[in-house]
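Colleague: Please see the structure below; I have some questions.
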Number of protein chains: 2
Amino acid sequence: MSENSLYTVVEGGSITTPKGFISGGLHCGLKKTERNDLGAILCEVPATAAAVFTTNVFQAAPLKVTRESLANGTLQAVIVNSGNANACTGDQGEADAYEMRAAAARYLGVNELDVAVASTGVIGELLKMDCVRSGIAGLPEKLDGGAAGAEEFSQAILTTDLVKKESCVKLTVGGAEVVIAGAAKGSGMIHPNMATMLGFMTTDAVIDAEDLLSLLRSATNSTFNMITVDGDTSTNDMLVTMASGLAGNEKLTRLHPDWEAFAAAFTHVCRSLAMAIARDGEGATKLIEVQVNGAVHDEGAAAIAKTVVGSSLVKSAIFGADANWGRIIAAVGRAGVPVSPEQVDIKLGDIEVLRSSRPVAFDEEKALHYLQKSDTVLITVTLSDGSGSATAWGCDLTYDYVRINAAYRT
Amino acid sequence: MSENSLYTVVEGGSITTPKGFISGGLHCGLKKTERNDLGAILCEVPATAAAVFTTNVFQAAPLKVTRESLANGTLQAVIVNSGNANACTGDQGEADAYEMRAAAARYLGVNELDVAVASTGVIGELLKMDCVRSGIAGLPEKLDGGAAGAEEFSQAILTTDLVKKESCVKLTVGGAEVVIAGAAKGSGMIHPNMATMLGFMTTDAVIDAEDLLSLLRSATNSTFNMITVDGDTSTNDMLVTMASGLAGNEKLTRLHPDWEAFAAAFTHVCRSLAMAIARDGEGATKLIEVQVNGAVHDEGAAAIAKTVVGSSLVKSAIFGADANWGRIIAAVGRAGVPVSPEQVDIKLGDIEVLRSSRPVAFDEEKALHYLQKSDTVLITVTLSDGSGSATAWGCDLTYDYVRINAAYRT
């Protein structure tokens, strides 16, 4: 979906497009290459804020600090580093995360309790705080409200990602133009219930923190929580959203006539970022989209969609352009959801390969062409057990996934 | 474990070592290469029998037929093919499985209801029944009670397996020597609750079908259900066991003084086969064994062990000889089991890498050497939440796994 009647995609838009936000990034020395590894977003006013976090039992130090900052429902800045996750780093790691927050507050001129801290990268190593300190000191002069600042920020949050991930939409709320934007990073350890991903969303909408959090949660469920790269869930996942309120719209609430449009636009940004993360999964050459219809309920459909898109055998087959629907149905059958085994239809793109659980004599050449040439492979699974439906996204499993992950630390 | 006081490993023993069994195999044309693809085990008397099956919603035709045959608690023969799973093949597939049973019964001279049918291979293609028919007709002359017949059978059940998997032990039951043996195949789509595996166990013990099934189930839970190669569970998994009763021992029951020894010996065969399947997982270069101790209960420990050994990131790191314990703890934390996050110890072999959830300054050279040189990598996770423990087995994730699965059908 690129556009609909409720909102408009802003081509080239970024996290600094909504009114009130500037951002930037730089290389402070946490990554071995010269790529950016420290970034910040700054709002000119304290922004209404909400966030969701990883469900992993082990939560990295920055998550504790950011939860504290969010207790008052406002944020004015985000400080984020890549190259080091500051996870499993004990008391020193916690002290380092607090120091990052304090330093960012001081240099950006905001209240310490209005700063979120995020980290991504290797687990279990202490942050090089001398790099972080000098980096934060140099950040203010790097921040700007144009595309350049957003670009530098987007680069600063990447690890093994190949491309930056941005999305921006606009809509009208009671006559006022409201913009919503986001930036995110993947790309391994990506699985439902957050992942190794960091996501940052900005909007200039006027909205209460409670409504923002509720919207963030429901949008996350159908987008970020429906992607998987490798089934692993990280210790650092965080999706932070800030609303500057500078659009001057009537306050958005669930009762506002434009709530539906705002929710759709907000979800669009989440979906775009989520799909971009899946497409840029470690080693991926293709995005895989699995749509499940006719399941006993939406939750069942979601479980099946995620099981199929997460199957190493399905992922390998797609990499090999092999229309191996046997692996798809095997994954459907182990998702832990009741399924009528004799009534399953499967399509690859628009090629029907299974009807009522029986093979269809499809054109193998056409299927090969579809799987080889499409940069998005659509798998549709239709059941006959109810009206539940869901969509999940993932990527193929390739030699490069193994290469990247066999030598990540070296 | 190769031996203990309760039983003795029989080096070179096979499924024909227990009294009463002959077996063999041949190439009938289901595999494209000249490797064996059809095999049988025949018992000289109707044997007490039990089996466990895949938990996948979609169950291949042979499973239905075999369940029927097992209804009377006896089997006298097993007919098995590789190269084609006869799954998702509809009414024709079911008719073909019944025909396999009937033909095997006729040529082997046994009751049709005493024949188990098993298939493994590609899903969704009809069996080439002309090959199967002529193969079954030729099988009787291939069967023998020596090592050669067992070897031919073991070869006949393999698909992408690189090596055959056999195990044999003996023990004394009330003064009589009892032998237990097994053969199995993996090697992709391997995951807890059975897998793409087929397993066949023979024993000459005197034992009722009910006790045999109960023992088979409990042994399976701690062995075959604790291995994973890629998290996928197949439509065809089956583990069949036959007891000829020709050892002449006093009947084994749970109250027999030698029950414990028999159960330990039986479990040894299951564990040996399960570990052999994990070690020969598609593309694997190493066996990974994950031991979890101190969990809230055994089920929790099992869930954690399986999550760690199934993590693509952990598997890739082991392939790369990378002591990346961060991925291990991340997997522990997403297993869905309560864990005290500050009290986790992790060892790689005897190298302590994490103590109380804090990194230990370990010798990276020593860890590299251990990971590179060991053909079995042991990961020990010690929690502080109770006395639950479990062990799971898997293998590393390699380029060859991707290569094998990106082009399986071609």
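Residues are named by chain letter and number: chains run A, B, ... in the order of the structure tokens, numbers start at 1 in each chain, and ligands are numbered from 1 in the order shown.
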Could you give me, as an NGL selection string, the residues within 8 Å of region 198-213 of chain B, counting only C-alpha atoms and dropping anything in the same chain fewer than 4 positions from it?

Modeller: :B and (15-16 or 18-21 or 48-51 or 73-74 or 118 or 120 or 157 or 178-186 or 217 or 236-254)

Colleague: Select all residues from chain A having any atom no more than 8 Å from an atom of chain B (counting only C-alpha atoms, ignoring ligands), output as a VMD selection string.

Modeller: chain A and resid 55 to 58 88 to 90 122 to 125 189 230 to 235 311 to 313 316 to 322 324 326 to 327 329 to 331 333 to 334 338 to 339 341 357 to 359 397 to 399 402 to 403 405 to 409

Colleague: Select from region 17-71 of chain B everything DSSP, run on the backbone, classes as helix (DSSP H, G or I), then give the selection as a PyMOL selection string.

Modeller: chain B and resi 61-70

Colleague: If I take CA of Gly13 (chain A) and CA of Ser154 (chain A), how far is one from the other in Å, to one decimal?

Modeller: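 Result for CA of Gly13 (chain A) versus CA of Ser154 (chain A): 12.4 Å, one decimal.
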
Colleague: Measure the distance from CA of Ala219 (chain A) to CA of Arg101 (chain A) in Å and round it to one decimal.

Modeller: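 Rounded to one decimal, the two atoms are 27.7 Å apart.
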
Colleague: Which residue gives the smallest distance to Lys306 (chain B) among B:Gly349, B:Gly386, B:Gly283, B:Gly394, with only C-alpha atoms counted?

Modeller: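 Among the listed residues, B:Gly394 lies closest to Lys306 (chain B).
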
Colleague: So that I can check the surroundings of Leu26 (chain A), please list as an MDAnalysis selection string every protein, DNA and RNA residue that reaches within 8 Å of it, counting only C-alpha atoms and ignoring chain neighbours fewer than 6 positions away.

Modeller: chainID A and resid 35:39 135 139 142 152:153 156

Colleague: Please, could you write that set of residues out with all heavy atoms as a JSON list (two decimals), in the first residue's frame?

Modeller:
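Ended up saving to out_16.json:
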[["chain", "number", "residue", "atom", "x", "y", "z"],
["A", 35, "ARG", "N", 31.69, 4.12, 9.71],
["A", 35, "ARG", "CA", 30.25, 4.40, 9.65],
["A", 35, "ARG", "C", 29.78, 5.07, 10.94],
["A", 35, "ARG", "O", 30.35, 4.87, 12.01],
["A", 35, "ARG", "CB", 29.48, 3.09, 9.43],
["A", 35, "ARG", "CG", 29.77, 2.42, 8.11],
["A", 35, "ARG", "CD", 29.25, 0.99, 8.09],
["A", 35, "ARG", "NE", 27.80, 0.94, 8.17],
["A", 35, "ARG", "CZ", 27.11, -0.14, 8.55],
["A", 35, "ARG", "NH1", 27.75, -1.24, 8.90],
["A", 35, "ARG", "NH2", 25.80, -0.12, 8.60],
["A", 36, "ASN", "N", 28.71, 5.86, 10.81],
["A", 36, "ASN", "CA", 28.13, 6.51, 11.98],
["A", 36, "ASN", "C", 27.74, 5.46, 13.03],
["A", 36, "ASN", "O", 27.27, 4.37, 12.70],
["A", 36, "ASN", "CB", 26.86, 7.28, 11.59],
["A", 36, "ASN", "CG", 27.17, 8.60, 10.90],
["A", 36, "ASN", "OD1", 28.34, 8.94, 10.69],
["A", 36, "ASN", "ND2", 26.13, 9.34, 10.53],
["A", 37, "ASP", "N", 27.94, 5.78, 14.29],
["A", 37, "ASP", "CA", 27.56, 4.87, 15.36],
["A", 37, "ASP", "C", 26.93, 5.58, 16.55],
["A", 37, "ASP", "O", 26.72, 4.98, 17.60],
["A", 37, "ASP", "CB", 28.77, 4.02, 15.80],
["A", 37, "ASP", "CG", 29.99, 4.88, 16.09],
["A", 37, "ASP", "OD1", 29.82, 6.09, 16.33],
["A", 37, "ASP", "OD2", 31.11, 4.34, 16.06],
["A", 38, "LEU", "N", 26.65, 6.86, 16.40],
["A", 38, "LEU", "CA", 26.00, 7.61, 17.48],
["A", 38, "LEU", "C", 25.04, 8.61, 16.83],
["A", 38, "LEU", "O", 25.41, 9.30, 15.88],
["A", 38, "LEU", "CB", 27.05, 8.35, 18.33],
["A", 38, "LEU", "CG", 26.54, 8.97, 19.62],
["A", 38, "LEU", "CD1", 26.23, 7.91, 20.67],
["A", 38, "LEU", "CD2", 27.59, 9.95, 20.16],
["A", 39, "GLY", "N", 23.81, 8.66, 17.33],
["A", 39, "GLY", "CA", 22.85, 9.57, 16.73],
["A", 39, "GLY", "C", 21.89, 10.12, 17.78],
["A", 39, "GLY", "O", 21.80, 9.59, 18.90],
["A", 135, "GLY", "N", 31.69, 11.73, 21.56],
["A", 135, "GLY", "CA", 30.67, 11.74, 20.52],
["A", 135, "GLY", "C", 29.48, 12.60, 20.89],
["A", 135, "GLY", "O", 29.01, 13.42, 20.09],
["A", 139, "LEU", "N", 27.77, 16.03, 19.13],
["A", 139, "LEU", "CA", 26.49, 15.83, 18.43],
["A", 139, "LEU", "C", 25.70, 17.10, 18.15],
["A", 139, "LEU", "O", 25.13, 17.25, 17.06],
["A", 139, "LEU", "CB", 25.60, 14.85, 19.22],
["A", 139, "LEU", "CG", 25.57, 13.38, 18.75],
["A", 139, "LEU", "CD1", 24.64, 12.59, 19.65],
["A", 139, "LEU", "CD2", 25.13, 13.26, 17.29],
["A", 142, "LYS", "N", 25.88, 18.68, 14.92],
["A", 142, "LYS", "CA", 25.54, 17.81, 13.79],
["A", 142, "LYS", "C", 24.04, 17.77, 13.51],
["A", 142, "LYS", "O", 23.60, 17.22, 12.49],
["A", 142, "LYS", "CB", 26.00, 16.37, 14.06],
["A", 142, "LYS", "CG", 27.49, 16.22, 14.25],
["A", 142, "LYS", "CD", 28.21, 16.32, 12.91],
["A", 142, "LYS", "CE", 29.68, 15.97, 13.07],
["A", 142, "LYS", "NZ", 30.38, 16.03, 11.77],
["A", 152, "GLU", "N", 21.89, 11.19, 8.43],
["A", 152, "GLU", "CA", 22.99, 10.85, 9.34],
["A", 152, "GLU", "C", 22.49, 10.02, 10.52],
["A", 152, "GLU", "O", 23.16, 9.09, 10.97],
["A", 152, "GLU", "CB", 23.68, 12.14, 9.86],
["A", 152, "GLU", "CG", 24.39, 12.94, 8.77],
["A", 152, "GLU", "CD", 25.59, 12.20, 8.19],
["A", 152, "GLU", "OE1", 26.27, 11.48, 8.94],
["A", 152, "GLU", "OE2", 25.84, 12.35, 6.97],
["A", 153, "PHE", "N", 21.29, 10.36, 11.00],
["A", 153, "PHE", "CA", 20.72, 9.59, 12.11],
["A", 153, "PHE", "C", 20.43, 8.17, 11.66],
["A", 153, "PHE", "O", 20.75, 7.20, 12.35],
["A", 153, "PHE", "CB", 19.44, 10.25, 12.63],
["A", 153, "PHE", "CG", 18.79, 9.45, 13.72],
["A", 153, "PHE", "CD1", 19.21, 9.56, 15.04],
["A", 153, "PHE", "CD2", 17.76, 8.56, 13.43],
["A", 153, "PHE", "CE1", 18.64, 8.79, 16.05],
["A", 153, "PHE", "CE2", 17.18, 7.78, 14.43],
["A", 153, "PHE", "CZ", 17.62, 7.90, 15.75],
["A", 156, "ALA", "N", 23.33, 6.13, 11.56],
["A", 156, "ALA", "CA", 23.96, 5.89, 12.87],
["A", 156, "ALA", "C", 23.36, 4.71, 13.61],
["A", 156, "ALA", "O", 24.00, 4.15, 14.50],
["A", 156, "ALA", "CB", 23.85, 7.15, 13.74]]

Colleague: Could you check the closest approach to Val45 (chain A) for each of A:Thr391, A:Thr17, A:Asn72, A:Asn111 and tell me which residue wins, using only C-alpha atoms?

Modeller: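 Closest to Val45 (chain A), using only C-alpha atoms: A:Asn111.
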